[in-house]
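Trainee: Next up, model_3.txt (compact mmCIF, N, CA and C atoms).
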```txt
# COMPACT_ATOMS: atom_id res chain seq x y z
N MET C 118 82.97 23.94 0.60
CA MET C 118 83.33 24.80 -0.51
C MET C 118 83.54 26.23 -0.03
N GLN C 119 82.65 26.69 0.88
CA GLN C 119 82.75 28.05 1.42
C GLN C 119 84.02 28.20 2.26
N VAL C 120 84.36 27.13 3.00
CA VAL C 120 85.55 27.16 3.84
C VAL C 120 86.81 27.26 2.97
N ASP C 121 86.84 26.53 1.86
CA ASP C 121 87.98 26.57 0.96
C ASP C 121 88.19 27.97 0.38
N GLU C 122 87.09 28.64 0.03
CA GLU C 122 87.18 29.99 -0.54
C GLU C 122 87.68 30.99 0.51
N SER C 123 87.15 30.88 1.73
CA SER C 123 87.61 31.81 2.77
C SER C 123 89.06 31.53 3.15
N LEU C 124 89.45 30.26 3.13
CA LEU C 124 90.83 29.88 3.40
C LEU C 124 91.75 30.44 2.31
N ARG C 125 91.33 30.33 1.07
CA ARG C 125 92.11 30.84 -0.05
C ARG C 125 92.27 32.35 0.05
N GLN C 126 91.20 33.05 0.43
CA GLN C 126 91.25 34.51 0.58
C GLN C 126 92.22 34.90 1.70
N ALA C 127 92.17 34.17 2.81
CA ALA C 127 93.06 34.46 3.94
C ALA C 127 94.52 34.25 3.55
N VAL C 128 94.79 33.17 2.84
CA VAL C 128 96.15 32.87 2.40
C VAL C 128 96.65 33.95 1.45
N MET C 129 95.81 34.34 0.52
CA MET C 129 96.20 35.38 -0.44
C MET C 129 96.47 36.71 0.27
N GLN C 130 95.66 37.05 1.24
CA GLN C 130 95.85 38.30 1.98
C GLN C 130 97.16 38.27 2.77
N LEU C 131 97.42 37.15 3.44
CA LEU C 131 98.67 37.02 4.19
C LEU C 131 99.89 37.05 3.27
N GLN C 132 99.78 36.43 2.12
CA GLN C 132 100.89 36.45 1.17
C GLN C 132 101.16 37.87 0.68
N SER C 133 100.10 38.60 0.38
CA SER C 133 100.30 39.97 -0.09
C SER C 133 100.89 40.85 1.02
N GLN C 134 100.48 40.63 2.28
CA GLN C 134 101.05 41.38 3.39
C GLN C 134 102.53 41.06 3.54
N GLN C 135 102.87 39.79 3.41
CA GLN C 135 104.26 39.38 3.53
C GLN C 135 105.10 39.97 2.41
N ILE C 136 104.60 39.94 1.20
CA ILE C 136 105.34 40.48 0.06
C ILE C 136 105.55 41.98 0.22
N GLU C 137 104.51 42.69 0.62
CA GLU C 137 104.61 44.14 0.79
C GLU C 137 105.59 44.48 1.92
N ALA C 138 105.52 43.78 3.02
CA ALA C 138 106.43 44.02 4.14
C ALA C 138 107.87 43.71 3.73
N SER C 139 108.07 42.65 2.97
CA SER C 139 109.42 42.30 2.49
C SER C 139 109.97 43.37 1.56
N ARG C 140 109.13 43.90 0.71
CA ARG C 140 109.54 44.96 -0.21
C ARG C 140 109.94 46.21 0.57
N GLN C 141 109.11 46.58 1.55
CA GLN C 141 109.41 47.75 2.37
C GLN C 141 110.69 47.54 3.19
N LEU C 142 110.87 46.33 3.69
CA LEU C 142 112.06 46.01 4.47
C LEU C 142 113.31 46.15 3.60
N SER C 143 113.23 45.71 2.38
CA SER C 143 114.37 45.85 1.46
C SER C 143 114.70 47.32 1.22
N THR C 144 113.69 48.13 1.04
CA THR C 144 113.89 49.56 0.84
C THR C 144 114.51 50.20 2.08
N ILE C 145 114.01 49.84 3.25
CA ILE C 145 114.53 50.39 4.51
C ILE C 145 115.99 49.98 4.70
N ARG C 146 116.32 48.75 4.39
CA ARG C 146 117.71 48.29 4.54
C ARG C 146 118.65 49.04 3.60
N THR C 147 118.18 49.33 2.39
CA THR C 147 118.98 50.12 1.45
C THR C 147 119.21 51.52 2.00
N GLN C 148 118.15 52.14 2.50
CA GLN C 148 118.28 53.48 3.09
C GLN C 148 119.20 53.45 4.30
N LEU C 149 119.10 52.41 5.09
CA LEU C 149 119.94 52.27 6.28
C LEU C 149 121.41 52.18 5.89
N ASN C 150 121.71 51.39 4.87
CA ASN C 150 123.09 51.27 4.40
C ASN C 150 123.62 52.62 3.90
N GLN C 151 122.78 53.37 3.18
CA GLN C 151 123.18 54.68 2.69
C GLN C 151 123.47 55.64 3.84
N LYS C 152 122.61 55.66 4.83
CA LYS C 152 122.80 56.55 5.98
C LYS C 152 124.05 56.18 6.78
N GLU C 153 124.28 54.88 6.96
CA GLU C 153 125.47 54.45 7.68
C GLU C 153 126.74 54.83 6.91
N ARG C 154 126.69 54.70 5.61
CA ARG C 154 127.83 55.09 4.77
C ARG C 154 128.07 56.59 4.87
N GLU C 155 127.00 57.36 4.79
CA GLU C 155 127.08 58.82 4.91
C GLU C 155 127.66 59.21 6.27
N GLN C 156 127.22 58.54 7.31
CA GLN C 156 127.69 58.82 8.66
C GLN C 156 129.20 58.53 8.78
N LYS C 157 129.65 57.42 8.24
CA LYS C 157 131.07 57.07 8.28
C LYS C 157 131.90 58.09 7.50
N LEU C 158 131.40 58.49 6.34
CA LEU C 158 132.11 59.46 5.52
C LEU C 158 132.24 60.80 6.24
N ASN C 159 131.16 61.25 6.85
CA ASN C 159 131.20 62.51 7.60
C ASN C 159 132.16 62.43 8.79
N THR C 160 132.14 61.29 9.49
CA THR C 160 133.02 61.10 10.64
C THR C 160 134.49 61.10 10.22
N LEU C 161 134.79 60.40 9.13
CA LEU C 161 136.17 60.37 8.65
C LEU C 161 136.64 61.74 8.18
N THR C 162 135.78 62.45 7.48
CA THR C 162 136.12 63.79 7.01
C THR C 162 136.36 64.73 8.18
N LEU C 163 135.49 64.66 9.18
CA LEU C 163 135.64 65.50 10.36
C LEU C 163 136.95 65.18 11.08
N ARG C 164 137.28 63.92 11.20
CA ARG C 164 138.51 63.51 11.85
C ARG C 164 139.73 64.08 11.12
N GLU C 165 139.69 64.04 9.80
CA GLU C 165 140.80 64.57 9.00
C GLU C 165 140.92 66.09 9.15
N ILE C 166 139.80 66.77 9.16
CA ILE C 166 139.82 68.23 9.30
C ILE C 166 140.33 68.62 10.69
N GLU C 167 139.93 67.89 11.70
CA GLU C 167 140.39 68.19 13.05
C GLU C 167 141.88 67.95 13.23
N SER C 168 142.47 67.10 12.39
CA SER C 168 143.90 66.83 12.50
C SER C 168 144.74 67.91 11.82
N LEU C 169 144.11 68.79 11.04
CA LEU C 169 144.82 69.87 10.37
C LEU C 169 145.19 70.97 11.36
N PRO C 170 146.23 71.75 11.04
CA PRO C 170 146.58 72.86 11.93
C PRO C 170 145.46 73.91 11.98
N ARG C 171 145.36 74.59 13.10
CA ARG C 171 144.29 75.59 13.31
C ARG C 171 144.54 76.89 12.54
N ASP C 172 145.75 77.15 12.14
CA ASP C 172 146.08 78.39 11.45
C ASP C 172 145.40 78.43 10.08
N SER C 173 144.48 79.36 9.90
CA SER C 173 143.70 79.42 8.65
C SER C 173 144.53 79.91 7.47
N SER C 174 145.68 80.55 7.72
CA SER C 174 146.51 81.01 6.61
C SER C 174 147.24 79.86 5.94
N GLN C 175 147.43 78.76 6.67
CA GLN C 175 148.14 77.61 6.11
C GLN C 175 147.20 76.63 5.41
N VAL C 176 145.99 76.51 5.92
CA VAL C 176 145.08 75.48 5.42
C VAL C 176 143.75 76.13 5.05
N GLY C 177 143.27 75.84 3.85
CA GLY C 177 141.96 76.32 3.44
C GLY C 177 140.97 75.17 3.42
N CYS C 178 139.76 75.45 3.83
CA CYS C 178 138.70 74.42 3.81
C CYS C 178 137.68 74.79 2.75
N TYR C 179 137.21 73.78 2.06
CA TYR C 179 136.25 74.00 0.98
C TYR C 179 135.05 73.09 1.18
N ARG C 180 133.92 73.56 0.70
CA ARG C 180 132.68 72.80 0.79
C ARG C 180 132.16 72.61 -0.63
N ALA C 181 131.75 71.39 -0.94
CA ALA C 181 131.22 71.09 -2.27
C ALA C 181 129.83 71.68 -2.42
N VAL C 182 129.63 72.41 -3.53
CA VAL C 182 128.33 72.98 -3.86
C VAL C 182 128.09 72.65 -5.33
N GLY C 183 127.29 71.60 -5.55
CA GLY C 183 127.07 71.18 -6.94
C GLY C 183 128.37 70.70 -7.54
N ARG C 184 128.78 71.35 -8.63
CA ARG C 184 130.02 70.97 -9.31
C ARG C 184 131.22 71.83 -8.91
N MET C 185 131.00 72.74 -8.00
CA MET C 185 132.11 73.62 -7.61
C MET C 185 132.37 73.51 -6.11
N PHE C 186 133.41 74.17 -5.68
CA PHE C 186 133.78 74.20 -4.27
C PHE C 186 133.86 75.65 -3.82
N MET C 187 133.33 75.88 -2.61
CA MET C 187 133.38 77.22 -2.04
C MET C 187 134.24 77.18 -0.79
N GLN C 188 135.09 78.20 -0.66
CA GLN C 188 135.94 78.26 0.52
C GLN C 188 135.09 78.69 1.71
N GLU C 189 135.31 78.00 2.83
CA GLU C 189 134.59 78.29 4.07
C GLU C 189 135.55 78.22 5.23
N SER C 190 135.14 78.82 6.32
CA SER C 190 135.99 78.75 7.51
C SER C 190 135.99 77.32 8.04
N ARG C 191 137.05 76.99 8.72
CA ARG C 191 137.18 75.64 9.27
C ARG C 191 136.06 75.36 10.27
N ASN C 192 135.72 76.34 11.09
CA ASN C 192 134.66 76.15 12.09
C ASN C 192 133.33 75.83 11.42
N ASN C 193 133.00 76.52 10.33
CA ASN C 193 131.75 76.24 9.63
C ASN C 193 131.73 74.83 9.06
N VAL C 194 132.85 74.41 8.49
CA VAL C 194 132.93 73.05 7.92
C VAL C 194 132.79 72.02 9.03
N GLU C 195 133.47 72.23 10.15
CA GLU C 195 133.38 71.29 11.27
C GLU C 195 131.95 71.22 11.82
N ASN C 196 131.34 72.38 12.01
CA ASN C 196 129.97 72.41 12.54
C ASN C 196 129.00 71.73 11.59
N THR C 197 129.15 71.97 10.31
CA THR C 197 128.27 71.34 9.32
C THR C 197 128.42 69.82 9.35
N LEU C 198 129.67 69.35 9.42
CA LEU C 198 129.90 67.91 9.47
C LEU C 198 129.36 67.29 10.75
N LYS C 199 129.49 68.00 11.87
CA LYS C 199 128.95 67.49 13.13
C LYS C 199 127.43 67.39 13.07
N GLN C 200 126.79 68.41 12.48
CA GLN C 200 125.33 68.38 12.35
C GLN C 200 124.89 67.25 11.44
N LYS C 201 125.59 67.08 10.32
CA LYS C 201 125.24 66.00 9.39
C LYS C 201 125.41 64.64 10.05
N THR C 202 126.48 64.48 10.83
CA THR C 202 126.73 63.21 11.52
C THR C 202 125.63 62.94 12.54
N LYS C 203 125.26 63.96 13.30
CA LYS C 203 124.19 63.80 14.29
C LYS C 203 122.87 63.45 13.61
N HIS C 204 122.56 64.14 12.52
CA HIS C 204 121.32 63.87 11.79
C HIS C 204 121.32 62.45 11.22
N SER C 205 122.47 62.01 10.70
CA SER C 205 122.58 60.65 10.17
C SER C 205 122.38 59.61 11.27
N GLN C 206 122.92 59.87 12.46
CA GLN C 206 122.75 58.94 13.58
C GLN C 206 121.27 58.82 13.96
N GLU C 207 120.57 59.95 13.97
CA GLU C 207 119.14 59.93 14.29
C GLU C 207 118.37 59.15 13.23
N ASP C 208 118.71 59.38 11.96
CA ASP C 208 118.04 58.67 10.88
C ASP C 208 118.31 57.16 10.95
N VAL C 209 119.53 56.79 11.29
CA VAL C 209 119.87 55.36 11.42
C VAL C 209 119.03 54.72 12.52
N GLY C 210 118.87 55.41 13.64
CA GLY C 210 118.05 54.88 14.73
C GLY C 210 116.60 54.67 14.30
N ILE C 211 116.05 55.65 13.60
CA ILE C 211 114.67 55.55 13.12
C ILE C 211 114.53 54.41 12.13
N LEU C 212 115.47 54.31 11.19
CA LEU C 212 115.41 53.25 10.18
C LEU C 212 115.59 51.87 10.80
N GLU C 213 116.41 51.75 11.83
CA GLU C 213 116.58 50.46 12.51
C GLU C 213 115.28 50.03 13.18
N LYS C 214 114.57 50.98 13.78
CA LYS C 214 113.28 50.67 14.40
C LYS C 214 112.27 50.22 13.35
N LYS C 215 112.24 50.91 12.22
CA LYS C 215 111.33 50.52 11.14
C LYS C 215 111.68 49.13 10.61
N ALA C 216 112.98 48.85 10.49
CA ALA C 216 113.41 47.54 9.99
C ALA C 216 112.99 46.43 10.95
N LYS C 217 113.14 46.66 12.25
CA LYS C 217 112.72 45.65 13.23
C LYS C 217 111.21 45.41 13.15
N TYR C 218 110.45 46.49 13.04
CA TYR C 218 109.00 46.36 12.94
C TYR C 218 108.63 45.55 11.69
N LEU C 219 109.24 45.86 10.56
CA LEU C 219 108.93 45.14 9.32
C LEU C 219 109.39 43.69 9.38
N GLU C 220 110.52 43.42 10.02
CA GLU C 220 110.96 42.04 10.18
C GLU C 220 109.94 41.26 11.00
N ASN C 221 109.44 41.86 12.06
CA ASN C 221 108.41 41.21 12.87
C ASN C 221 107.15 40.97 12.05
N GLU C 222 106.79 41.94 11.22
CA GLU C 222 105.60 41.80 10.38
C GLU C 222 105.75 40.66 9.39
N VAL C 223 106.91 40.55 8.78
CA VAL C 223 107.18 39.45 7.83
C VAL C 223 107.13 38.11 8.55
N ASN C 224 107.78 38.04 9.72
CA ASN C 224 107.78 36.79 10.49
C ASN C 224 106.37 36.40 10.93
N THR C 225 105.58 37.38 11.34
CA THR C 225 104.20 37.11 11.75
C THR C 225 103.38 36.58 10.58
N ALA C 226 103.54 37.20 9.43
CA ALA C 226 102.81 36.75 8.24
C ALA C 226 103.23 35.33 7.87
N GLN C 227 104.52 35.03 7.92
CA GLN C 227 105.00 33.69 7.60
C GLN C 227 104.45 32.65 8.59
N THR C 228 104.47 33.00 9.85
CA THR C 228 103.96 32.09 10.88
C THR C 228 102.46 31.85 10.68
N SER C 229 101.73 32.90 10.41
CA SER C 229 100.28 32.77 10.19
C SER C 229 99.99 31.91 8.97
N LEU C 230 100.74 32.12 7.90
CA LEU C 230 100.57 31.30 6.70
C LEU C 230 100.84 29.83 7.01
N ARG C 231 101.92 29.59 7.69
CA ARG C 231 102.28 28.21 8.03
C ARG C 231 101.19 27.56 8.89
N ASP C 232 100.68 28.31 9.87
CA ASP C 232 99.63 27.78 10.74
C ASP C 232 98.35 27.47 9.96
N ILE C 233 97.96 28.38 9.09
CA ILE C 233 96.74 28.18 8.30
C ILE C 233 96.89 26.97 7.40
N LEU C 234 98.05 26.83 6.75
CA LEU C 234 98.23 25.69 5.84
C LEU C 234 98.31 24.38 6.61
N GLN C 235 98.92 24.39 7.80
CA GLN C 235 98.96 23.16 8.61
C GLN C 235 97.56 22.79 9.08
N GLN C 236 96.79 23.79 9.48
CA GLN C 236 95.41 23.54 9.93
C GLN C 236 94.57 22.99 8.79
N ALA C 237 94.74 23.54 7.60
CA ALA C 237 93.99 23.06 6.43
C ALA C 237 94.37 21.63 6.09
N ALA C 238 95.65 21.30 6.24
CA ALA C 238 96.10 19.93 5.94
C ALA C 238 95.53 18.94 6.96
N LEU C 239 95.41 19.37 8.22
CA LEU C 239 94.86 18.49 9.24
C LEU C 239 93.36 18.27 9.05
N ASN C 240 92.67 19.28 8.54
CA ASN C 240 91.23 19.19 8.35
C ASN C 240 90.83 18.33 7.17
N ARG C 241 91.74 18.03 6.29
CA ARG C 241 91.39 17.23 5.10
C ARG C 241 91.46 15.80 5.36
```
Would you encode the structure as C-alpha cells?
Mentor:
Amino acid sequence: MQVDESLRQAVMQLQSQQIEASRQLSTIRTQLNQKEREQKLNTLTLREIESLPRDSSQVGCYRAVGRMFMQESRNNVENTLKQKTKHSQEDVGILEKKAKYLENEVNTAQTSLRDILQQAALNR
C-alpha cells in the first residue's frame, strides 16, 4: 500500500513537470517565431533601404514612432535596423538554447514516466 502511494506521488510529480515544461516550451517557440519574423522584417527593410540612392535630397527616410512617422537620416535608419537585426539574432540563439533544454526536459519526464509505469506493471 505504501509503495502504491509513493509510486502515485512520483507519477504525479513527473506529470506535472512534463506539463510545465511543455507549457514553457510552447511559450518559447512562440517567442522564437516572433523574433525570427522580426529579424526577417528588419533584414528585408534594411536591404530595401540600401538599394535606394545615397542622395538625401531625392529620398527621405522615416521611422515609425507610435502612430506617426519621423524623418531621420538614412544612416540612422540603417544603423538602427542593423542593431535590431543583431539583437534579434542574439535573442533567437538564446531562445533556441532554451527550447532545446525544455525539449530534453519533456523527453526525460516522458521516459521516466514510461519506465516507472513499466516497472509497476512488472511488479504486479
Trainee: What gap, in Å, lies between atom N of Val194 of chain C and atom CA of Gln206 of chain C?
Mentor: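 That distance, rounded to one decimal, is 19.2 Å.
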Trainee: Name all residues at most 12 Å from Glu153 of chain C (count only C-alpha atoms; drop same-chain ones fewer than 6 positions away) and give them as a PyMOL selection string.
Mentor: chain C and resi 146-147+159-160+201-210+212-213
Trainee: Any idea what the distance is between atom CA of Cys178 of chain C and atom CA of Asn193 of chain C?
Mentor: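 Atom CA of Cys178 of chain C sits 9.2 Å away from atom CA of Asn193 of chain C.
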Trainee: Please, which residues of chain C, numbered as in this document, come out alpha helix (DSSP H) from DSSP, as a VMD selection string?
Mentor: chain C and resid 119 to 168 191 to 240
Trainee: Step one, run DSSP on the backbone; step two, keep only residues of chain C assigned to strand (DSSP E or B); then write them as a compact mmCIF listing (two decimals) with N, CA and C atoms, keeping the file's coordinate frame.
Mentor:
```
# COMPACT_ATOMS: atom_id res chain seq x y z
N CYS C 178 139.76 75.45 3.83
CA CYS C 178 138.70 74.42 3.81
C CYS C 178 137.68 74.79 2.75
N TYR C 179 137.21 73.78 2.06
CA TYR C 179 136.25 74.00 0.98
C TYR C 179 135.05 73.09 1.18
N ARG C 180 133.92 73.56 0.70
CA ARG C 180 132.68 72.80 0.79
C ARG C 180 132.16 72.61 -0.63
N ALA C 181 131.75 71.39 -0.94
CA ALA C 181 131.22 71.09 -2.27
C ALA C 181 129.83 71.68 -2.42
N VAL C 182 129.63 72.41 -3.53
CA VAL C 182 128.33 72.98 -3.86
C VAL C 182 128.09 72.65 -5.33
N MET C 185 131.00 72.74 -8.00
CA MET C 185 132.11 73.62 -7.61
C MET C 185 132.37 73.51 -6.11
N PHE C 186 133.41 74.17 -5.68
CA PHE C 186 133.78 74.20 -4.27
C PHE C 186 133.86 75.65 -3.82
N MET C 187 133.33 75.88 -2.61
CA MET C 187 133.38 77.22 -2.04
C MET C 187 134.24 77.18 -0.79
N GLN C 188 135.09 78.20 -0.66
CA GLN C 188 135.94 78.26 0.52
C GLN C 188 135.09 78.69 1.71
N GLU C 189 135.31 78.00 2.83
CA GLU C 189 134.59 78.29 4.07
C GLU C 189 135.55 78.22 5.23
```
Trainee: Please determine, counting only C-alpha atoms, which residue among C:Met129, C:Val182, C:Met187, C:Leu198 has the shortest atom-to-atom distance to Leu161 of chain C.
Mentor: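 Checking each of C:Met129, C:Val182, C:Met187, C:Leu198 against Leu161 of chain C, counting only C-alpha atoms, the winner is C:Leu198.
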Trainee: Which residue, C:Ala238, C:Glu220, C:Gln126, C:Lys152, has the smallest gap to Ala138 of chain C when you use all atoms listed in the file?
Mentor: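 With all atoms listed in the file as the atom set, the closest residue is C:Glu220.
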Trainee: As an exercise, work out the distance from atom C of Leu131 of chain C to atom C of Asn240 of chain C in Å and give it to one decimal place.
Mentor: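 Separating atom C of Leu131 of chain C from atom C of Asn240 of chain C is a distance of 21.2 Å.
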Trainee: Using only C-alpha atoms, which of the listed residues (C:Leu239, C:Leu158, C:Ile233, C:Ala226) sits closest to Ile136 of chain C?
Mentor: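 With only C-alpha atoms as the atom set, the closest residue is C:Ala226.
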Trainee: Starting from 6 Å padding per side, set up an axis-aligned box that covers all listed atoms of segment 167-179 of chain C and hand over centre and edge lengths in Å, one decimal, as JSON.
Mentor:
```
{"center_x": 141.6, "center_y": 73.9, "center_z": 7.1, "size_x": 25.1, "size_y": 26.2, "size_z": 24.3}
```
